[in-house]
Structures are given as C-alpha cells and as structure tokens.
Amino acid sequence: MKKNIYIISVLVFLLALATACGSKSTPETKPTTIALNTAIPELKENPDLVPGEPNPEVERTLEDSDASIKAEEHRAVSGDNILNNLFERPFTAQEMDYQPDLNILTVSITSDDAFFFFTITLDGMDPLSGTLSGTYGMEFDRTQTGRGDLLVLVSNPAVEWSMKNMTVYVNPTVSVGGTRPVIAEEGYEGAGYTEMVELGGDQVAWARIAPEDPSAVQIAVSRVLLGNSEEFLWGAWADGGVKDPSLFDYDDHFGPSEAGSPINTSEDYPIKAVYSLDNTCRLPYGIDDTTGIPGICLSIPPQEEHKVSCVCVRQCMTHVGCCEWSCE
C-alpha cells in the first residue's frame, strides 16, 4: 500500500515537472489606451490658399479726408457728403467723441499672382480697449457702374493671417445703390448685401493687423474670389455703428436729417443715426477710362488746359464730381 502511494506521488511530481518545463513565461502587457480628447487631424482634399507677405512696393495709395484735424472741437471739416454716399464721421452719436480707430487715413493696394493686398491705415487705436474696435473692409465694383457687388469685411482682426471673423457678401439682385448707384435715394426699400460667400480653396479672404503698425488692417483677397477680374474699382470702410450690409448704400436708407452730420455748420449737426463710420471714394484697378463712373476718386482735371497730372484725392460735398485735387 505504501509502495503504491509512493509511486503515485512520484508520477504526480514528474507530471508537474513536465508541464512546467514545456511552458514559456509571457511578459506582462499593459492595455493600449487612447485619450478621448485627442483630436485627429482632418485631411482636406483642397486646402485653403494662404497669403504670404505683401509686395513692399505699393502700387497705389488712396488718401482719405482726416477727421482728426478738428476732432477736439467735436466736428469734421470736409469729406462727409451723405448725398454721394461719402462718410467722414468717426465720432459717437450726439456727443461727437472722436474715435481714431475708425478714422481712415490711407488705403494702399499691392498684389501677387494669387492675392490683392489692401492696407487700411487708421489714426490710432480705440482709447478705451486699446484695440481696433470696428468692422473693416473693402468694397468692389467690377461692373464699373458705381454699384458695389462684393464686400469683404473683418472684425477683431488677428495678429497673424486668419480667416476668422471674415465675412464676404454679394448682391445677387443687383440692388446695392438703388436705381442710381452712389446717389442718395432716401426711402429706397431694396435690399443691399444679403448673401454670404462660402470661403474655401482658392476662393478666400484673409486679414491681420499689419506687423509694423498696430493701427493698420491688412486684407488679402484672392483673385479667384474677385472672379479673376483684372478691372475693378475699390474703396474702404471702417464701421463701428450701423454695421448692416443689407442697408448698403446707407444714403438710400438714411436721409440727411435722420443720419445727422459731423459738419457743425450743417443744420443736421450733430451725428445721429449714422455714426462711428468712415469710408473712401473708389480708385480704379486696370481701368484706363474712368469717365462718368459714380464714386470714383480719379477723374478728368477741372481745367483741361493744365498740362499736369491731377488726381482727385477726395470728393467734396457740394455736388457730384466735386473734388479736392492734387496735381503734379
């Protein structure tokens, strides 16, 4: 009996030893975990066209009226003519407090193979926030009729090139400016810019604060967004008041009495419904004959016998075609 028990014990020991020798130890493994908040980059089939640095050689510069000249007296001296859709009123309503970040001083244009670059230089920053507080933009007239057909706007521009806060409008009904583009038609009920353009691919607009001037906004408009047009008119806006593209042109929806005036000799002084606003007349790009185009800055000199080159740097407020000339 003891012999049998001994034999069985030996067999059990040998079986256990054989099992141990035939097995291989497996190193401990840890389960792979994926963080739920890890974003997976989205691959774009058609990445957005990105602007580079603008050509330092400016092709043309538009000089606007300067409302700062008599700003301490809460008034402007020139450049505001609501009957021709020209506004020089970077002031608050009623109190007429001056807003330097809404006063356009100059606008320049340059270009490369992909973009047109516009630099809107303002008189300074908003004294309260230390930022550029308005909405800034470029309006284009590709029909050469005085009727705007593309409006590119940016608010709160970033330091680097960005499409954030960019909005581009078109007017499919061809009703911006009413029946007489630029000329005031108080009571006009047509719609202005009501349709937004989807940006992407080569059809893009970007903006940034100018690297060397925190009081200047740079806007890059791709040639594709402009329909690859080589002939158009361009002008700038700085709007901290109405900010409603559907009411373009503003002079068709606000009469002189309702809008008010920044000119203290006007019976409509001070500014009322149309406030915190500055815009420019328009300069041509690629157009040789600009005769008769409403809203244009460049036109025929007042006296043809002058054998000089004259440029209308700003429109005055007495009648259509009235200009302040700069001659060489």
# chains A, B, ... in the order shown; residues from 1 in each chain; ligands from 1
$ closest_atom_pairs --of "region 191-308 of chain A" --to "region 72-85 of chain A" --cutoff "9 Å" --atoms "only C-alpha atoms" --output "JSON lines"
{"residue": "A:Asp249", "atom": "CA", "partner": "A:Asn85", "partner_atom": "CA", "distance": 6.9}
{"residue": "A:Tyr250", "atom": "CA", "partner": "A:Asn85", "partner_atom": "CA", "distance": 6.8}
{"residue": "A:Asp251", "atom": "CA", "partner": "A:Asn85", "partner_atom": "CA", "distance": 5.4}
{"residue": "A:Asp252", "atom": "CA", "partner": "A:Asn85", "partner_atom": "CA", "distance": 8.5}
{"residue": "A:Phe254", "atom": "CA", "partner": "A:Ile82", "partner_atom": "CA", "distance": 8.8}
{"residue": "A:Gly255", "atom": "CA", "partner": "A:Ile82", "partner_atom": "CA", "distance": 8.0}
{"residue": "A:Pro256", "atom": "CA", "partner": "A:Ile82", "partner_atom": "CA", "distance": 6.7}
{"residue": "A:Ala259", "atom": "CA", "partner": "A:Ile82", "partner_atom": "CA", "distance": 8.4}
{"residue": "A:Ser261", "atom": "CA", "partner": "A:Asp80", "partner_atom": "CA", "distance": 7.8}
{"residue": "A:Pro262", "atom": "CA", "partner": "A:Arg75", "partner_atom": "CA", "distance": 5.2}
{"residue": "A:Ile263", "atom": "CA", "partner": "A:Ala76", "partner_atom": "CA", "distance": 5.4}
{"residue": "A:Asn264", "atom": "CA", "partner": "A:Arg75", "partner_atom": "CA", "distance": 6.1}
{"residue": "A:Tyr269", "atom": "CA", "partner": "A:Arg75", "partner_atom": "CA", "distance": 9.0}
{"residue": "A:Pro270", "atom": "CA", "partner": "A:Arg75", "partner_atom": "CA", "distance": 8.2}
{"residue": "A:Asp278", "atom": "CA", "partner": "A:Asp80", "partner_atom": "CA", "distance": 8.7}
{"residue": "A:Asn279", "atom": "CA", "partner": "A:Asn85", "partner_atom": "CA", "distance": 8.7}
{"residue": "A:Thr280", "atom": "CA", "partner": "A:Gly79", "partner_atom": "CA", "distance": 8.8}
{"residue": "A:Cys281", "atom": "CA", "partner": "A:Asn85", "partner_atom": "CA", "distance": 8.8}
{"residue": "A:Pro294", "atom": "CA", "partner": "A:Asn84", "partner_atom": "CA", "distance": 8.7}
{"residue": "A:Gly295", "atom": "CA", "partner": "A:Asn84", "partner_atom": "CA", "distance": 7.5}
$ residues_around --residues "Thr121 (chain A)" --least-positions-apart "4" --cutoff "7 Å" --atoms "only C-alpha atoms" --output "list in words"
Ile104, Leu105, Thr106, Val107, Ser215, Ala216 and Val217 of chain A
$ write_last_selection --atoms "C-alpha atoms" --output "compact mmCIF listing (two decimals), in the first residue's frame"
# COMPACT_ATOMS: atom_id res chain seq x y z
CA ILE A 104 -9.20 106.01 -42.27
CA LEU A 105 -6.09 107.93 -43.25
CA THR A 106 -4.82 105.94 -46.23
CA VAL A 107 -5.54 102.74 -48.13
CA SER A 215 -3.35 100.70 -36.13
CA ALA A 216 -3.46 99.27 -39.67
CA VAL A 217 -5.52 96.36 -41.00
$ closest_residue --among "A:Leu150, A:Leu102, A:Ile69, A:Ala93" --to "Asp126 (chain A)" --atoms "only C-alpha atoms"
A:Leu102
$ residues_around --residues "Glu231 (chain A)" --least-positions-apart "4" --cutoff "7 Å" --atoms "only C-alpha atoms" --output "MDAnalysis selection string"
chainID A and resid 142 285:287
$ write_last_selection --atoms "C-alpha atoms" --output "PDB file, in the first residue's frame"
ATOM      1  CA  ARG A 142     -16.449  95.146 -61.008  1.00  0.00           C
ATOM      2  CA  TYR A 285      -7.502  98.994 -60.913  1.00  0.00           C
ATOM      3  CA  GLY A 286      -6.721  98.109 -64.521  1.00  0.00           C
ATOM      4  CA  ILE A 287      -9.169 100.677 -65.911  1.00  0.00           C
TER       5      ILE A 287
END
$ select_by_dssp --residues "region 96-316 of chain A" --states "alpha helix (DSSP H)" --output "number ranges by chain"
A: 256-259
$ write_last_selection --atoms "C-alpha atoms" --output "short mmCIF file (atom, residue, chain, number, x, y, z; two decimals), in the first residue's frame"
data_model
loop_
_atom_site.label_atom_id
_atom_site.label_comp_id
_atom_site.auth_asym_id
_atom_site.auth_seq_id
_atom_site.Cartn_x
_atom_site.Cartn_y
_atom_site.Cartn_z
CA PRO A 256 -29.62 113.69 -44.00
CA SER A 257 -31.84 114.68 -41.09
CA GLU A 258 -32.03 111.17 -39.66
CA ALA A 259 -28.34 110.44 -40.21
#
$ atom_distance --atom1 "CA of Ser129 (chain A)" --atom2 "CA of Leu247 (chain A)"
27.8 Å
$ residues_around --residues "Glu230 (chain A)" --least-positions-apart "2" --cutoff "12 Å" --atoms "only C-alpha atoms" --output "PDB file with N, CA and C atoms, in the first residue's frame"
ATOM      1  N   SER A 111      -0.179  93.552 -55.023  1.00  0.00           N
ATOM      2  CA  SER A 111      -0.709  92.261 -55.477  1.00  0.00           C
ATOM      3  C   SER A 111       0.414  91.294 -55.801  1.00  0.00           C
ATOM      4  N   ASP A 113       0.604  86.916 -57.641  1.00  0.00           N
ATOM      5  CA  ASP A 113      -0.102  86.049 -58.582  1.00  0.00           C
ATOM      6  C   ASP A 113      -1.410  85.499 -58.027  1.00  0.00           C
ATOM      7  N   PHE A 115      -3.104  86.945 -54.867  1.00  0.00           N
ATOM      8  CA  PHE A 115      -3.881  87.827 -53.996  1.00  0.00           C
ATOM      9  C   PHE A 115      -3.727  89.299 -54.384  1.00  0.00           C
ATOM     10  N   PHE A 116      -4.764  90.069 -54.028  1.00  0.00           N
ATOM     11  CA  PHE A 116      -4.671  91.516 -53.911  1.00  0.00           C
ATOM     12  C   PHE A 116      -4.591  91.827 -52.417  1.00  0.00           C
ATOM     13  N   PHE A 140     -15.959  96.367 -53.629  1.00  0.00           N
ATOM     14  CA  PHE A 140     -15.516  96.323 -55.019  1.00  0.00           C
ATOM     15  C   PHE A 140     -16.682  96.572 -55.972  1.00  0.00           C
ATOM     16  N   ASP A 141     -16.366  97.262 -57.048  1.00  0.00           N
ATOM     17  CA  ASP A 141     -17.300  97.488 -58.152  1.00  0.00           C
ATOM     18  C   ASP A 141     -16.632  96.959 -59.408  1.00  0.00           C
ATOM     19  N   ARG A 142     -17.034  95.749 -59.810  1.00  0.00           N
ATOM     20  CA  ARG A 142     -16.449  95.146 -61.008  1.00  0.00           C
ATOM     21  C   ARG A 142     -17.241  95.461 -62.258  1.00  0.00           C
ATOM     22  N   THR A 143     -18.404  96.080 -62.095  1.00  0.00           N
ATOM     23  CA  THR A 143     -19.244  96.431 -63.242  1.00  0.00           C
ATOM     24  C   THR A 143     -18.935  97.828 -63.772  1.00  0.00           C
ATOM     25  N   GLN A 144     -18.152  98.599 -63.023  1.00  0.00           N
ATOM     26  CA  GLN A 144     -17.766  99.961 -63.387  1.00  0.00           C
ATOM     27  C   GLN A 144     -18.997 100.858 -63.546  1.00  0.00           C
ATOM     28  N   ARG A 223      -7.552  86.366 -55.990  1.00  0.00           N
ATOM     29  CA  ARG A 223      -8.009  86.713 -57.337  1.00  0.00           C
ATOM     30  C   ARG A 223      -9.235  85.892 -57.722  1.00  0.00           C
ATOM     31  N   VAL A 224      -9.274  84.653 -57.263  1.00  0.00           N
ATOM     32  CA  VAL A 224     -10.427  83.795 -57.572  1.00  0.00           C
ATOM     33  C   VAL A 224     -11.695  84.353 -56.935  1.00  0.00           C
ATOM     34  N   LEU A 226     -12.389  87.371 -56.468  1.00  0.00           N
ATOM     35  CA  LEU A 226     -12.782  88.512 -57.304  1.00  0.00           C
ATOM     36  C   LEU A 226     -13.191  88.087 -58.709  1.00  0.00           C
ATOM     37  N   GLY A 227     -13.333  86.791 -58.918  1.00  0.00           N
ATOM     38  CA  GLY A 227     -13.711  86.303 -60.236  1.00  0.00           C
ATOM     39  C   GLY A 227     -12.620  86.474 -61.267  1.00  0.00           C
ATOM     40  N   ASN A 228     -11.355  86.521 -60.787  1.00  0.00           N
ATOM     41  CA  ASN A 228     -10.196  86.730 -61.650  1.00  0.00           C
ATOM     42  C   ASN A 228     -10.325  88.000 -62.485  1.00  0.00           C
ATOM     43  N   PHE A 232     -11.457  96.647 -61.939  1.00  0.00           N
ATOM     44  CA  PHE A 232     -12.446  96.878 -60.897  1.00  0.00           C
ATOM     45  C   PHE A 232     -12.125  98.178 -60.188  1.00  0.00           C
ATOM     46  N   LEU A 233     -13.083  98.634 -59.378  1.00  0.00           N
ATOM     47  CA  LEU A 233     -12.890  99.797 -58.512  1.00  0.00           C
ATOM     48  C   LEU A 233     -12.900  99.316 -57.075  1.00  0.00           C
ATOM     49  N   PRO A 284      -9.534 103.129 -59.288  1.00  0.00           N
ATOM     50  CA  PRO A 284      -9.633 102.060 -60.287  1.00  0.00           C
ATOM     51  C   PRO A 284      -8.400 101.162 -60.293  1.00  0.00           C
ATOM     52  N   TYR A 285      -8.602  99.923 -60.666  1.00  0.00           N
ATOM     53  CA  TYR A 285      -7.502  98.994 -60.913  1.00  0.00           C
ATOM     54  C   TYR A 285      -7.683  98.442 -62.326  1.00  0.00           C
ATOM     55  N   GLY A 286      -6.688  98.652 -63.170  1.00  0.00           N
ATOM     56  CA  GLY A 286      -6.721  98.109 -64.521  1.00  0.00           C
ATOM     57  C   GLY A 286      -7.688  98.799 -65.462  1.00  0.00           C
ATOM     58  N   ILE A 287      -8.195  99.961 -65.085  1.00  0.00           N
ATOM     59  CA  ILE A 287      -9.169 100.677 -65.911  1.00  0.00           C
ATOM     60  C   ILE A 287      -8.529 101.976 -66.401  1.00  0.00           C
ATOM     61  N   ASP A 288      -8.532 102.185 -67.702  1.00  0.00           N
ATOM     62  CA  ASP A 288      -7.938 103.397 -68.262  1.00  0.00           C
ATOM     63  C   ASP A 288      -8.930 104.556 -68.301  1.00  0.00           C
TER      64      ASP A 288
END
$ atom_distance --atom1 "CA of Thr167 (chain A)" --atom2 "CA of Pro245 (chain A)"
10.5 Å
$ closest_residue --among "A:Ser175, A:Ser162, A:Ser68, A:Asn156" --to "Trp206 (chain A)" --atoms "only C-alpha atoms"
A:Ser162
$ closest_residue --among "A:Ile293, A:Val159, A:Ala238, A:Val152" --to "Pro100 (chain A)" --atoms "only C-alpha atoms"
A:Ala238
$ closest_residue --among "A:Val242, A:Phe248, A:Gly190, A:Thr291" --to "Ala273 (chain A)" --atoms "only C-alpha atoms"
A:Val242
$ residues_around --residues "Met125 (chain A)" --least-positions-apart "2" --cutoff "9 Å" --atoms "only C-alpha atoms" --output "list in words"
Gln99, Pro100, Asp101, Leu102, Leu122, Asp123, Pro127, Leu128, Ser129, Gly130, Thr131, Leu132, Ser133, Pro214 and Ser215 of chain A
$ write_last_selection --atoms "N, CA and C atoms" --output "PDB file, in the first residue's frame"
ATOM      1  N   GLN A  99     -13.177 108.940 -32.534  1.00  0.00           N
ATOM      2  CA  GLN A  99     -12.776 107.532 -32.487  1.00  0.00           C
ATOM      3  C   GLN A  99     -11.652 107.294 -33.500  1.00  0.00           C
ATOM      4  N   PRO A 100     -10.411 107.367 -33.065  1.00  0.00           N
ATOM      5  CA  PRO A 100      -9.282 107.278 -34.004  1.00  0.00           C
ATOM      6  C   PRO A 100      -9.206 105.957 -34.753  1.00  0.00           C
ATOM      7  N   ASP A 101      -9.684 104.866 -34.148  1.00  0.00           N
ATOM      8  CA  ASP A 101      -9.593 103.573 -34.824  1.00  0.00           C
ATOM      9  C   ASP A 101     -10.646 103.404 -35.907  1.00  0.00           C
ATOM     10  N   LEU A 102     -11.478 104.422 -36.104  1.00  0.00           N
ATOM     11  CA  LEU A 102     -12.459 104.413 -37.187  1.00  0.00           C
ATOM     12  C   LEU A 102     -12.183 105.511 -38.210  1.00  0.00           C
ATOM     13  N   LEU A 122      -5.295 103.429 -40.062  1.00  0.00           N
ATOM     14  CA  LEU A 122      -6.188 104.234 -39.242  1.00  0.00           C
ATOM     15  C   LEU A 122      -5.375 105.198 -38.385  1.00  0.00           C
ATOM     16  N   ASP A 123      -6.078 106.120 -37.738  1.00  0.00           N
ATOM     17  CA  ASP A 123      -5.376 107.171 -36.992  1.00  0.00           C
ATOM     18  C   ASP A 123      -4.870 106.696 -35.632  1.00  0.00           C
ATOM     19  N   PRO A 127      -9.290 104.235 -27.721  1.00  0.00           N
ATOM     20  CA  PRO A 127      -8.672 104.667 -26.459  1.00  0.00           C
ATOM     21  C   PRO A 127      -9.161 103.888 -25.238  1.00  0.00           C
ATOM     22  N   LEU A 128     -10.311 103.265 -25.319  1.00  0.00           N
ATOM     23  CA  LEU A 128     -10.840 102.518 -24.178  1.00  0.00           C
ATOM     24  C   LEU A 128     -10.320 101.086 -24.135  1.00  0.00           C
ATOM     25  N   SER A 129     -10.375 100.389 -25.259  1.00  0.00           N
ATOM     26  CA  SER A 129      -9.987  98.976 -25.281  1.00  0.00           C
ATOM     27  C   SER A 129      -8.555  98.750 -25.729  1.00  0.00           C
ATOM     28  N   GLY A 130      -7.955  99.747 -26.373  1.00  0.00           N
ATOM     29  CA  GLY A 130      -6.607  99.571 -26.891  1.00  0.00           C
ATOM     30  C   GLY A 130      -6.553  98.635 -28.078  1.00  0.00           C
ATOM     31  N   THR A 131      -7.693  98.434 -28.756  1.00  0.00           N
ATOM     32  CA  THR A 131      -7.782  97.541 -29.906  1.00  0.00           C
ATOM     33  C   THR A 131      -8.355  98.300 -31.098  1.00  0.00           C
ATOM     34  N   LEU A 132      -8.500  97.590 -32.213  1.00  0.00           N
ATOM     35  CA  LEU A 132      -9.237  98.112 -33.356  1.00  0.00           C
ATOM     36  C   LEU A 132     -10.659  97.586 -33.213  1.00  0.00           C
ATOM     37  N   SER A 133     -11.570  98.440 -32.795  1.00  0.00           N
ATOM     38  CA  SER A 133     -12.894  98.003 -32.340  1.00  0.00           C
ATOM     39  C   SER A 133     -13.935  97.899 -33.435  1.00  0.00           C
ATOM     40  N   PRO A 214       0.219  98.570 -35.498  1.00  0.00           N
ATOM     41  CA  PRO A 214      -0.966  98.001 -34.859  1.00  0.00           C
ATOM     42  C   PRO A 214      -2.257  98.763 -35.157  1.00  0.00           C
ATOM     43  N   SER A 215      -2.150  99.941 -35.779  1.00  0.00           N
ATOM     44  CA  SER A 215      -3.346 100.697 -36.135  1.00  0.00           C
ATOM     45  C   SER A 215      -3.675 100.572 -37.624  1.00  0.00           C
TER      46      SER A 215
END
$ select_by_dssp --residues "region 236-275 of chain A" --states "strand (DSSP E or B)" --output "JSON, numbers by chain"
{"A": [236, 237, 238, 239, 260, 271]}
$ write_last_selection --atoms "N, CA and C atoms" --output "PDB file, in the first residue's frame"
ATOM      1  N   ALA A 236     -12.606 101.600 -49.279  1.00  0.00           N
ATOM      2  CA  ALA A 236     -12.514 101.005 -47.938  1.00  0.00           C
ATOM      3  C   ALA A 236     -13.608 101.519 -47.015  1.00  0.00           C
ATOM      4  N   TRP A 237     -13.879 100.723 -45.969  1.00  0.00           N
ATOM      5  CA  TRP A 237     -14.864 101.052 -44.938  1.00  0.00           C
ATOM      6  C   TRP A 237     -14.287 100.774 -43.555  1.00  0.00           C
ATOM      7  N   ALA A 238     -14.670 101.627 -42.606  1.00  0.00           N
ATOM      8  CA  ALA A 238     -14.423 101.389 -41.183  1.00  0.00           C
ATOM      9  C   ALA A 238     -15.735 101.714 -40.481  1.00  0.00           C
ATOM     10  N   ASP A 239     -16.400 100.698 -39.950  1.00  0.00           N
ATOM     11  CA  ASP A 239     -17.772 100.857 -39.447  1.00  0.00           C
ATOM     12  C   ASP A 239     -17.859 100.337 -38.014  1.00  0.00           C
ATOM     13  N   GLY A 260     -27.883 112.722 -39.485  1.00  0.00           N
ATOM     14  CA  GLY A 260     -27.094 113.742 -38.831  1.00  0.00           C
ATOM     15  C   GLY A 260     -25.868 114.095 -39.644  1.00  0.00           C
ATOM     16  N   ILE A 271     -24.053 114.304 -35.409  1.00  0.00           N
ATOM     17  CA  ILE A 271     -24.329 112.967 -35.939  1.00  0.00           C
ATOM     18  C   ILE A 271     -25.427 112.302 -35.128  1.00  0.00           C
TER      19      ILE A 271
END
$ closest_residue --among "A:Val154, A:Met138, A:Met96, A:Leu86" --to "Ile209 (chain A)" --atoms "only C-alpha atoms"
A:Val154
$ closest_residue --among "A:Gly192, A:Tyr136, A:Pro47, A:Ile109" --to "Ser276 (chain A)" --atoms "only C-alpha atoms"
A:Tyr136
